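**Q** work_12.tsv is reproduced in full below (TSV, C-alpha atoms).
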```tsv
chain	number	residue	atom	x	y	z
Y	1	MET	CA	0.00	0.00	0.00
Y	2	ASP	CA	2.78	2.42	0.88
Y	3	PHE	CA	4.50	1.74	-2.42
Y	4	PHE	CA	1.38	2.43	-4.49
Y	5	PHE	CA	0.60	5.57	-2.53
Y	6	TYR	CA	4.14	6.86	-3.02
Y	7	PHE	CA	4.04	5.95	-6.72
Y	8	TRP	CA	0.71	7.70	-7.19
Y	9	LEU	CA	1.89	10.76	-5.30
Y	10	CYS	CA	5.09	11.05	-7.35
Y	11	SER	CA	3.17	10.58	-10.60
Y	12	TYR	CA	0.65	13.23	-9.62
Y	13	ILE	CA	3.36	15.70	-8.67
Y	14	PHE	CA	5.30	15.05	-11.87
Y	15	CYS	CA	2.23	15.65	-14.05
Y	16	THR	CA	1.29	18.76	-12.09
Y	17	VAL	CA	4.82	20.15	-12.33
Y	18	ALA	CA	5.00	19.42	-16.05
Y	19	LEU	CA	1.69	21.12	-16.85
Y	20	LEU	CA	2.33	24.16	-14.67
Y	21	HIS	CA	5.88	24.48	-15.93
Y	22	LEU	CA	4.78	24.39	-19.58
Y	23	PHE	CA	2.08	26.95	-18.89
Y	24	VAL	CA	4.44	29.34	-17.11
Y	25	LEU	CA	7.17	28.90	-19.73
Y	26	LEU	CA	4.71	29.81	-22.45
Y	27	LEU	CA	3.63	32.95	-20.63
Y	28	LYS	CA	7.21	33.91	-19.86
Y	29	LYS	CA	8.17	33.47	-23.50
Y	30	LEU	CA	5.43	35.90	-24.47
Y	31	LEU	CA	6.31	38.43	-21.77
Y	32	LYS	CA	10.10	38.22	-21.41
Y	33	THR	CA	12.30	41.11	-22.46
Y	34	PRO	CA	15.91	39.92	-22.12
Y	35	SER	CA	18.53	42.64	-21.85
Y	36	ASP	CA	21.16	43.37	-24.46
Y	37	ILE	CA	24.80	43.04	-23.29
Y	38	ASN	CA	26.33	43.75	-26.69
Y	39	GLY	CA	29.32	46.03	-26.09
Y	40	LYS	CA	28.86	45.88	-22.31
Y	41	HIS	CA	31.59	44.91	-19.83
Y	42	VAL	CA	31.08	41.59	-18.04
Y	43	LEU	CA	33.48	40.66	-15.24
Y	44	ILE	CA	33.61	37.03	-14.09
Y	45	THR	CA	35.46	35.66	-11.09
Y	46	GLY	CA	36.58	32.05	-11.29
Y	47	GLY	CA	36.70	32.63	-15.04
Y	48	SER	CA	39.72	30.48	-15.90
Y	49	SER	CA	37.81	27.18	-15.87
Y	50	GLY	CA	34.51	25.43	-15.24
Y	51	ILE	CA	31.27	27.36	-15.02
Y	52	GLY	CA	33.05	30.72	-14.92
Y	53	LYS	CA	34.82	30.11	-18.22
Y	54	GLY	CA	31.56	28.82	-19.68
Y	55	VAL	CA	29.79	32.05	-18.69
Y	56	ALA	CA	32.61	34.09	-20.27
Y	57	ILE	CA	32.20	32.20	-23.55
Y	58	GLU	CA	28.42	32.67	-23.49
Y	59	VAL	CA	28.57	36.44	-22.96
Y	60	ALA	CA	31.32	36.73	-25.61
Y	61	LYS	CA	28.89	35.14	-28.06
Y	62	LEU	CA	26.46	37.95	-27.20
Y	63	GLY	CA	29.02	40.64	-28.05
Y	64	ALA	CA	30.18	41.56	-24.54
Y	65	ASN	CA	33.64	42.69	-23.54
Y	66	VAL	CA	34.96	40.28	-20.95
Y	67	THR	CA	37.29	40.35	-17.96
Y	68	ILE	CA	38.00	37.06	-16.24
Y	69	VAL	CA	39.51	36.88	-12.76
Y	70	ALA	CA	41.32	33.97	-11.11
Y	71	ARG	CA	44.67	33.24	-9.48
Y	72	ASP	CA	46.50	31.11	-12.06
Y	73	ALA	CA	47.85	33.35	-14.84
Y	74	VAL	CA	48.67	30.40	-17.12
Y	75	LYS	CA	45.10	29.05	-16.95
Y	76	LEU	CA	43.75	32.57	-17.41
Y	77	GLN	CA	45.72	33.13	-20.61
Y	78	SER	CA	44.56	29.78	-21.98
Y	79	ALA	CA	40.96	30.68	-21.14
Y	80	VAL	CA	41.31	34.09	-22.84
Y	81	ASP	CA	42.41	32.37	-26.06
Y	82	GLU	CA	39.32	30.17	-25.90
Y	83	ILE	CA	36.95	33.04	-25.11
Y	84	GLN	CA	38.32	35.15	-27.96
Y	85	LYS	CA	37.31	32.44	-30.42
Y	86	ALA	CA	33.72	32.86	-29.27
Y	87	CYS	CA	33.67	36.63	-29.92
Y	88	VAL	CA	31.34	37.81	-32.68
Y	89	LYS	CA	32.99	41.17	-33.38
Y	90	GLN	CA	36.57	42.23	-33.97
Y	91	SER	CA	36.10	45.16	-31.60
Y	92	GLN	CA	35.41	42.91	-28.62
Y	93	LYS	CA	38.04	42.81	-25.91
Y	94	VAL	CA	38.89	39.97	-23.54
Y	95	ASN	CA	41.21	40.66	-20.59
Y	96	TYR	CA	42.31	38.68	-17.59
Y	97	ILE	CA	43.37	39.57	-14.05
Y	98	SER	CA	45.42	37.32	-11.80
Y	99	LEU	CA	44.03	38.09	-8.37
Y	100	ASP	CA	43.21	36.43	-5.06
Y	101	ILE	CA	39.79	37.85	-4.19
Y	102	SER	CA	39.53	36.07	-0.83
Y	103	THR	CA	41.82	38.42	1.13
Y	104	ASN	CA	42.78	42.10	1.20
Y	105	TYR	CA	39.66	43.99	0.14
Y	106	GLU	CA	41.61	47.17	-0.65
Y	107	ASN	CA	43.67	45.34	-3.25
Y	108	VAL	CA	40.56	43.77	-4.82
Y	109	GLU	CA	38.91	47.19	-5.04
Y	110	LYS	CA	42.01	48.75	-6.62
Y	111	VAL	CA	42.41	46.02	-9.24
Y	112	LEU	CA	38.73	45.96	-10.22
Y	113	ASN	CA	38.76	49.73	-10.57
Y	114	GLU	CA	41.65	49.32	-13.02
Y	115	ALA	CA	39.62	46.70	-14.91
Y	116	GLU	CA	36.83	49.28	-15.35
Y	117	GLN	CA	39.32	51.81	-16.63
Y	118	ASN	CA	40.43	49.32	-19.28
Y	119	LEU	CA	37.06	48.03	-20.53
Y	120	GLY	CA	34.54	50.49	-19.14
Y	121	PRO	CA	32.04	50.20	-16.27
Y	122	VAL	CA	31.16	46.68	-15.23
Y	123	TYR	CA	27.58	46.08	-16.39
Y	124	MET	CA	27.40	42.48	-15.20
Y	125	LEU	CA	29.38	40.96	-12.33
Y	126	VAL	CA	29.32	37.16	-12.25
Y	127	ASN	CA	30.74	35.58	-9.08
Y	128	CYS	CA	31.82	32.02	-9.88
Y	129	ALA	CA	34.96	31.72	-7.76
Y	130	GLY	CA	34.64	29.05	-5.11
Y	131	THR	CA	35.66	25.59	-4.05
Y	132	CYS	CA	34.60	22.67	-1.89
Y	133	ILE	CA	36.43	20.65	0.74
Y	134	CYS	CA	34.37	17.69	1.92
Y	135	GLY	CA	34.45	15.81	5.19
Y	136	LYS	CA	32.59	15.25	8.41
Y	137	PHE	CA	32.36	18.38	10.52
Y	138	GLU	CA	34.66	17.08	13.28
Y	139	ASP	CA	37.29	16.14	10.70
Y	140	MET	CA	37.45	19.57	9.07
Y	141	SER	CA	40.52	21.56	10.10
Y	142	VAL	CA	40.07	25.15	11.22
Y	143	ASP	CA	42.35	26.20	8.36
Y	144	ASP	CA	40.01	24.51	5.87
Y	145	VAL	CA	37.05	26.28	7.45
Y	146	HIS	CA	38.72	29.67	7.12
Y	147	TYR	CA	39.78	28.91	3.55
Y	148	LEU	CA	36.23	28.04	2.45
Y	149	VAL	CA	34.65	31.00	4.23
Y	150	ASN	CA	37.21	33.42	2.79
Y	151	LEU	CA	37.00	32.18	-0.79
Y	152	ASN	CA	33.34	31.19	-1.14
Y	153	TYR	CA	31.80	33.98	0.92
Y	154	MET	CA	34.26	36.82	1.52
Y	155	GLY	CA	35.57	36.64	-2.05
Y	156	THR	CA	32.04	37.29	-3.32
Y	157	VAL	CA	31.53	40.06	-0.77
Y	158	HIS	CA	34.78	41.76	-1.81
Y	159	THR	CA	33.97	41.90	-5.53
Y	160	ILE	CA	30.38	43.07	-5.05
Y	161	LYS	CA	31.38	45.73	-2.53
Y	162	SER	CA	34.07	46.98	-4.92
Y	163	LEU	CA	31.63	47.62	-7.75
Y	164	ILE	CA	28.14	48.06	-6.36
Y	165	GLY	CA	28.42	51.74	-5.46
Y	166	LYS	CA	29.18	52.71	-9.06
Y	167	MET	CA	26.40	50.45	-10.36
Y	168	LYS	CA	23.95	52.29	-8.09
Y	169	THR	CA	25.18	55.64	-9.37
Y	170	ARG	CA	24.58	54.49	-12.97
Y	171	LYS	CA	21.27	52.85	-11.93
Y	172	GLU	CA	21.90	49.74	-13.99
Y	173	GLY	CA	23.64	46.42	-13.77
Y	174	TYR	CA	23.48	42.75	-12.95
Y	175	VAL	CA	25.00	40.85	-10.05
Y	176	VAL	CA	25.18	37.06	-10.26
Y	177	ILE	CA	26.02	35.05	-7.17
Y	178	THR	CA	26.83	31.42	-7.89
Y	179	ALA	CA	25.98	29.25	-4.92
Y	180	SER	CA	24.89	25.62	-5.22
Y	181	GLN	CA	21.98	23.32	-4.44
Y	182	ALA	CA	23.87	23.03	-1.15
Y	183	ALA	CA	22.57	26.55	-0.45
Y	184	LEU	CA	19.11	25.02	-0.04
Y	185	ILE	CA	19.70	21.77	1.80
Y	186	GLY	CA	22.36	20.56	4.20
Y	187	ILE	CA	24.08	17.40	2.99
Y	188	PHE	CA	26.21	14.94	4.95
Y	189	GLY	CA	29.91	15.76	4.48
Y	190	LEU	CA	29.33	19.32	3.24
Y	191	SER	CA	28.87	21.14	6.54
Y	192	ILE	CA	31.24	24.07	5.96
Y	193	TYR	CA	30.79	24.26	2.19
Y	194	SER	CA	27.01	24.27	2.60
Y	195	SER	CA	27.26	26.93	5.32
Y	196	THR	CA	29.10	29.28	2.97
Y	197	LYS	CA	26.52	28.66	0.24
Y	198	PHE	CA	23.62	29.27	2.64
Y	199	ALA	CA	25.33	32.57	3.48
Y	200	LEU	CA	25.47	33.46	-0.21
Y	201	ARG	CA	21.76	32.85	-0.51
Y	202	GLY	CA	21.12	35.24	2.36
Y	203	LEU	CA	23.40	37.79	0.73
Y	204	ALA	CA	21.62	37.45	-2.61
Y	205	GLU	CA	18.14	37.86	-1.12
Y	206	THR	CA	19.19	40.91	0.87
Y	207	LEU	CA	20.97	42.55	-2.06
Y	208	TYR	CA	17.95	41.93	-4.27
Y	209	MET	CA	15.84	43.93	-1.83
Y	210	GLU	CA	18.44	46.70	-1.46
Y	211	LEU	CA	19.27	47.10	-5.15
Y	212	LYS	CA	16.09	46.48	-7.13
Y	213	HIS	CA	14.84	50.08	-6.94
Y	214	HIS	CA	18.29	51.22	-8.13
Y	215	GLY	CA	17.86	49.33	-11.41
Y	216	ILE	CA	20.25	46.52	-10.44
Y	217	HIS	CA	19.12	42.92	-10.71
Y	218	VAL	CA	20.46	40.06	-8.60
Y	219	THR	CA	20.44	36.41	-9.69
Y	220	LEU	CA	21.28	33.48	-7.42
Y	221	ALA	CA	22.62	30.55	-9.45
Y	222	LEU	CA	22.04	27.12	-7.89
Y	223	PRO	CA	23.87	24.65	-10.11
Y	224	PRO	CA	23.82	20.91	-9.36
Y	225	ASP	CA	27.01	18.81	-9.55
Y	226	THR	CA	28.91	20.06	-12.58
Y	227	ASP	CA	31.76	18.37	-14.42
Y	228	THR	CA	34.49	20.89	-13.61
Y	229	PRO	CA	38.09	20.64	-12.37
Y	230	GLY	CA	36.79	21.78	-8.99
Y	231	PHE	CA	34.31	18.92	-8.86
Y	232	ALA	CA	37.05	16.43	-9.74
Y	233	ASN	CA	39.13	17.76	-6.84
Y	234	GLU	CA	36.09	17.68	-4.54
Y	235	GLU	CA	35.63	13.97	-5.25
Y	236	LYS	CA	39.00	13.26	-3.61
Y	237	SER	CA	37.77	14.29	-0.15
Y	238	LYS	CA	34.10	13.33	-0.48
Y	239	PRO	CA	32.85	10.75	2.07
Y	240	LEU	CA	31.08	7.68	0.70
Y	241	GLU	CA	27.75	8.86	2.12
Y	242	THR	CA	28.07	12.17	0.28
Y	243	LYS	CA	28.91	10.45	-3.00
Y	244	ILE	CA	25.88	8.17	-2.82
Y	245	ILE	CA	23.51	11.00	-1.90
Y	246	SER	CA	24.77	13.38	-4.59
Y	247	GLU	CA	24.77	10.79	-7.38
Y	248	SER	CA	20.98	10.98	-7.65
Y	249	GLY	CA	21.18	14.47	-9.15
Y	250	GLY	CA	23.46	13.51	-12.04
Y	251	LEU	CA	26.42	15.43	-13.43
Y	252	TYR	CA	26.00	18.39	-15.78
Y	253	ALA	CA	28.33	19.87	-18.40
Y	254	PRO	CA	29.65	23.32	-17.37
Y	255	GLU	CA	28.71	24.74	-20.78
Y	256	LYS	CA	25.04	23.92	-20.24
Y	257	VAL	CA	25.04	25.30	-16.70
Y	258	ALA	CA	26.76	28.49	-17.86
Y	259	ALA	CA	24.31	29.01	-20.72
Y	260	ARG	CA	21.40	28.67	-18.32
Y	261	ILE	CA	22.91	31.15	-15.85
Y	262	VAL	CA	23.35	33.77	-18.58
Y	263	LYS	CA	19.83	33.18	-19.90
Y	264	ASP	CA	18.18	33.38	-16.48
Y	265	THR	CA	20.18	36.46	-15.54
Y	266	LEU	CA	19.25	38.39	-18.67
Y	267	GLU	CA	15.61	37.41	-18.14
Y	268	LYS	CA	15.90	38.79	-14.59
Y	269	SER	CA	15.06	35.57	-12.78
Y	270	PHE	CA	16.14	35.53	-9.17
Y	271	PHE	CA	16.87	31.80	-9.15
Y	272	SER	CA	18.86	30.13	-11.91
Y	273	THR	CA	18.43	26.37	-11.95
Y	274	ILE	CA	18.99	23.54	-14.40
Y	275	GLY	CA	17.41	20.09	-14.34
Y	276	LEU	CA	14.20	18.85	-12.74
Y	277	GLU	CA	15.74	18.03	-9.35
Y	278	SER	CA	17.29	21.48	-9.02
Y	279	TYR	CA	14.00	23.10	-10.01
Y	280	LEU	CA	11.93	21.08	-7.52
Y	281	VAL	CA	14.32	21.66	-4.62
Y	282	THR	CA	14.29	25.39	-5.37
Y	283	VAL	CA	10.49	25.50	-5.40
Y	284	LEU	CA	10.38	23.56	-2.12
Y	285	CYS	CA	12.82	26.00	-0.49
Y	286	SER	CA	11.51	29.19	-2.12
Y	287	GLY	CA	9.88	30.54	1.06
Y	288	MET	CA	10.23	34.32	1.14
Y	289	SER	CA	12.63	34.45	-1.80
Y	290	PRO	CA	12.08	37.12	-4.46
Y	291	VAL	CA	10.06	36.35	-7.58
Y	292	ARG	CA	10.24	38.00	-10.97
Y	293	SER	CA	6.46	38.15	-11.31
Y	294	PHE	CA	3.25	36.61	-10.04
Y	295	LEU	CA	3.78	33.89	-12.67
Y	296	ASP	CA	6.39	32.34	-10.37
Y	297	ILE	CA	3.82	32.12	-7.59
Y	298	ILE	CA	1.33	30.41	-9.90
Y	299	HIS	CA	3.51	27.32	-10.27
Y	300	GLN	CA	5.25	27.42	-6.88
Y	301	ALA	CA	2.27	27.71	-4.52
Y	302	PRO	CA	0.36	24.56	-5.60
Y	303	LEU	CA	3.52	22.46	-5.34
Y	304	LEU	CA	4.91	23.51	-1.97
Y	305	GLY	CA	2.71	21.29	0.18
Y	306	LEU	CA	3.08	18.24	-2.04
Y	307	LEU	CA	6.83	18.65	-2.31
Y	308	ARG	CA	7.10	18.92	1.46
Y	309	VAL	CA	5.57	15.44	1.72
Y	310	VAL	CA	8.02	14.09	-0.87
Y	311	SER	CA	10.91	15.74	0.98
Y	312	TYR	CA	10.11	13.59	4.02
Y	313	PHE	CA	10.72	10.43	2.01
Y	314	ILE	CA	13.88	11.88	0.45
Y	315	GLN	CA	15.30	12.81	3.85
Y	316	ALA	CA	14.42	9.35	5.15
Y	317	HIS	CA	16.26	7.85	2.18
Y	318	PHE	CA	19.35	9.97	2.89
Y	319	LEU	CA	19.33	8.93	6.55
Y	320	SER	CA	19.06	5.27	5.56
Y	321	ILE	CA	22.14	5.68	3.35
Y	322	ILE	CA	24.07	7.22	6.24
Y	323	LYS	CA	23.03	4.45	8.64
Y	324	LYS	CA	23.96	1.76	6.14
Y	325	CYS	CA	27.41	3.28	5.58
Y	326	ALA	CA	27.91	3.57	9.35
Y	327	ARG	CA	27.06	-0.12	9.83
Y	328	GLU	CA	29.46	-1.13	7.07
Y	329	GLU	CA	32.19	0.99	8.64
Y	330	GLU	CA	31.62	-0.63	12.04
Y	331	SER	CA	31.79	-4.09	10.45
Y	332	LYS	CA	35.13	-3.26	8.82
Y	333	LYS	CA	36.52	-2.08	12.16
Y	334	LYS	CA	35.47	-5.31	13.87
Y	335	ILE	CA	37.06	-7.43	11.14
Y	336	SER	CA	40.32	-5.49	11.26
```
Turn the structure described in the file into structure tokens.

**A**
Amino acid sequence: MDFFFYFWLCSYIFCTVALLHLFVLLLKKLLKTPSDINGKHVLITGGSSGIGKGVAIEVAKLGANVTIVARDAVKLQSAVDEIQKACVKQSQKVNYISLDISTNYENVEKVLNEAEQNLGPVYMLVNCAGTCICGKFEDMSVDDVHYLVNLNYMGTVHTIKSLIGKMKTRKEGYVVITASQAALIGIFGLSIYSSTKFALRGLAETLYMELKHHGIHVTLALPPDTDTPGFANEEKSKPLETKIISESGGLYAPEKVAARIVKDTLEKSFFSTIGLESYLVTVLCSGMSPVRSFLDIIHQAPLLGLLRVVSYFIQAHFLSIIKKCAREEESKKKIS
């Protein structure tokens, strides 16, 4: 009986989501007025690889001038060569800056001011710099905690603070904060990483409220697991429980994630998601988050209660995975 009820419930939710989603997409297609970034300056942190480089290529295809920021000058130069191939006009410029954004705010502000002098005012700031170190909370070193907080959170704070005053003066601009699905749900083995991403969500929601009437739009990107060099490095420290839990969401190509972020940003969506799981989790956790229009409410409100029921079973499944891994670990200890 439980199986058939769960099957029926999932089927009902899927059909409801599909119909509502198609309806809202149709209306959005009729109403959307995406912005033009042709000739505008887009600055992207974490732009030497992964999602950041993908975003740089996407905006280059739309005629933007691009500045990418990261620490490794060799990777940056290689990325610039790749981005230049995506440019659609000879007049487009692509620059790079080798910079550690996680420390020394004054230096970040100085260097980004120089970037604006070179390519003009930053019209769109895309924060993609970040990393993940996995492990149980008690096993995380204090140095690792500081590193993640400084890079994932403070690095984003530094770049936004450096540029936001001038954006407000011009009364235009876009700010993209790339978090993760881990900004919506705490996952075993991601305690510190998830904390920094939750903080970014809070930052994005607050900035949206502060900046909207100044003509500046904020988008919070919530990508699922993405096939990037950072993800490959993350796998090295990921506990077994975390691997099993995260596998259900699949692995996405950075190019597809980047294209979706650019599209959602230019359409002034607050959330940027890709894939059904990411979409459903975002709806479930939407709460008091900003919406672009009442159309978002139309498809979120009917689903919230149903998805809350499904979330109970998902959480129970996660806990069963953790218990199973714990039992297997205890058995290994007894044998050894």

**Q** Between Y:Leu62, Y:Leu303, Y:Ala259, Y:Leu190, which is the closest to Ser237 of chain Y once you count all atoms listed in the file?

**A**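 Nearest to Ser237 of chain Y: Y:Leu190.
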
**Q** Go through Y:Leu280, Y:Ser269, Y:Val111, Y:Ala316 one by one, measure the shortest atom-to-atom distance of each to Ser293 of chain Y using all atoms listed in the file, and give the residue with the smallest value.

**A**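 Closest to Ser293 of chain Y, using all atoms listed in the file: Y:Ser269.
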
**Q** What are the centre and the three edge lengths of an axis-aligned box that wraps all atoms of segment 264-277 of chain Y in the file, given that 5 Å is added to every side, written as AutoDock Vina command-line options and rounded to one decimal in Å?

**A**
```
--center_x 17.2 --center_y 28.4 --center_z -13.9 --size_x 16.0 --size_y 30.8 --size_z 19.5
```

**Q** What gap, in Å, lies between atom CA of Lys197 of chain Y and atom CA of Asn152 of chain Y?

**A**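 So the two atoms, atom CA of Lys197 of chain Y and atom CA of Asn152 of chain Y, lie 7.4 Å apart.
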
**Q** To one decimal place in Å, what is the distance between atom CA of Ala301 of chain Y and atom CA of Cys285 of chain Y?

**A**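 Taking atom CA of Ala301 of chain Y and atom CA of Cys285 of chain Y, their separation equals 11.4 Å.
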
**Q** Considering only C-alpha atoms, can you say which of Y:Glu58, Y:Glu234, Y:Asp36, Y:Glu277 comes closest to Glu255 of chain Y?

**A** Y:Glu58

**Q** May I ask for the distance between atom CA of Gln92 of chain Y and atom CA of Gly63 of chain Y, given in Å to one decimal place?

**A** 6.8 Å

**Q** Quick one: of Y:Val108, Y:Ile244, Y:Met124, Y:Cys87, who's nearest to Ala60 of chain Y, counting all atoms listed in the file?

**A** Y:Cys87

**Q** Which residue out of Y:Gly130, Y:Pro239, Y:Gly173, Y:Gly275 has the minimum interatomic distance to Ala253 of chain Y when all atoms listed in the file are used?

**A**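 Among the listed residues, Y:Gly275 lies closest to Ala253 of chain Y.
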
**Q** Residues at most 12 Å from Val291 of chain Y, counting all atoms listed in the file, excluding those fewer than 2 positions away in the same chain, as a PyMOL selection string?

**A** chain Y and resi 205+208-209+212+217-220+267-272+282-283+286-289+293-300

**Q** Find the residues near segment 159-165 of chain Y: any atom within 7 Å, counting all atoms listed in the file, skip ones fewer than 4 places away on the same chain, and give them as number ranges by chain.

**A** Y: 108-109, 155, 169

**Q** Between Y:Met140, Y:Ala221, Y:Ala70, Y:Ala129, which one has atoms that come closest to Val262 of chain Y, using only C-alpha atoms?

**A**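 Of Y:Met140, Y:Ala221, Y:Ala70, Y:Ala129, the one nearest Val262 of chain Y, counting only C-alpha atoms, is Y:Ala221.
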
**Q** Env of Ile83 of chain Y: 12 Å cut, atoms = only C-alpha atoms, seq-sep filter 3 positions within chain, self excluded. Answer as a compact mmCIF listing (two decimals) with C-alpha atoms, in the frame of the given file.

**A**
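Result saved to out32.txt:
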```
# COMPACT_ATOMS: atom_id res chain seq x y z
CA GLY Y 47 36.70 32.63 -15.04
CA SER Y 48 39.72 30.48 -15.90
CA SER Y 49 37.81 27.18 -15.87
CA GLY Y 52 33.05 30.72 -14.92
CA LYS Y 53 34.82 30.11 -18.22
CA GLY Y 54 31.56 28.82 -19.68
CA VAL Y 55 29.79 32.05 -18.69
CA ALA Y 56 32.61 34.09 -20.27
CA ILE Y 57 32.20 32.20 -23.55
CA GLU Y 58 28.42 32.67 -23.49
CA VAL Y 59 28.57 36.44 -22.96
CA ALA Y 60 31.32 36.73 -25.61
CA LYS Y 61 28.89 35.14 -28.06
CA LEU Y 62 26.46 37.95 -27.20
CA GLY Y 63 29.02 40.64 -28.05
CA ALA Y 64 30.18 41.56 -24.54
CA ASN Y 65 33.64 42.69 -23.54
CA VAL Y 66 34.96 40.28 -20.95
CA THR Y 67 37.29 40.35 -17.96
CA ILE Y 68 38.00 37.06 -16.24
CA LEU Y 76 43.75 32.57 -17.41
CA GLN Y 77 45.72 33.13 -20.61
CA SER Y 78 44.56 29.78 -21.98
CA ALA Y 79 40.96 30.68 -21.14
CA VAL Y 80 41.31 34.09 -22.84
CA ALA Y 86 33.72 32.86 -29.27
CA CYS Y 87 33.67 36.63 -29.92
CA VAL Y 88 31.34 37.81 -32.68
CA GLN Y 92 35.41 42.91 -28.62
CA LYS Y 93 38.04 42.81 -25.91
CA VAL Y 94 38.89 39.97 -23.54
CA ASN Y 95 41.21 40.66 -20.59
CA TYR Y 96 42.31 38.68 -17.59
```

**Q** Counting all atoms listed in the file, what is within 12 Å of Lys136 of chain Y, bar same-chain residues fewer than 3 positions away, as a PDB file with C-alpha atoms, in the coordinates of the input?

**A**
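Result file follows (selection.pdb):
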```pdb
ATOM      1  CA  ILE Y 133      36.430  20.650   0.740  1.00  0.00           C
ATOM      2  CA  ASP Y 139      37.290  16.140  10.700  1.00  0.00           C
ATOM      3  CA  MET Y 140      37.450  19.570   9.070  1.00  0.00           C
ATOM      4  CA  SER Y 141      40.520  21.560  10.100  1.00  0.00           C
ATOM      5  CA  VAL Y 145      37.050  26.280   7.450  1.00  0.00           C
ATOM      6  CA  ILE Y 187      24.080  17.400   2.990  1.00  0.00           C
ATOM      7  CA  PHE Y 188      26.210  14.940   4.950  1.00  0.00           C
ATOM      8  CA  GLY Y 189      29.910  15.760   4.480  1.00  0.00           C
ATOM      9  CA  LEU Y 190      29.330  19.320   3.240  1.00  0.00           C
ATOM     10  CA  SER Y 191      28.870  21.140   6.540  1.00  0.00           C
ATOM     11  CA  ILE Y 192      31.240  24.070   5.960  1.00  0.00           C
ATOM     12  CA  TYR Y 193      30.790  24.260   2.190  1.00  0.00           C
ATOM     13  CA  SER Y 237      37.770  14.290  -0.150  1.00  0.00           C
ATOM     14  CA  LYS Y 238      34.100  13.330  -0.480  1.00  0.00           C
ATOM     15  CA  PRO Y 239      32.850  10.750   2.070  1.00  0.00           C
ATOM     16  CA  LEU Y 240      31.080   7.680   0.700  1.00  0.00           C
ATOM     17  CA  GLU Y 241      27.750   8.860   2.120  1.00  0.00           C
ATOM     18  CA  THR Y 242      28.070  12.170   0.280  1.00  0.00           C
ATOM     19  CA  ILE Y 322      24.070   7.220   6.240  1.00  0.00           C
TER      20      ILE Y 322
END
```

**Q** Find the residues near Asn150 of chain Y: any atom within 9 Å, counting all atoms listed in the file, skip ones fewer than 6 places away on the same chain, and give them as an MDAnalysis selection string.

**A** chainID Y and resid 101:103 156
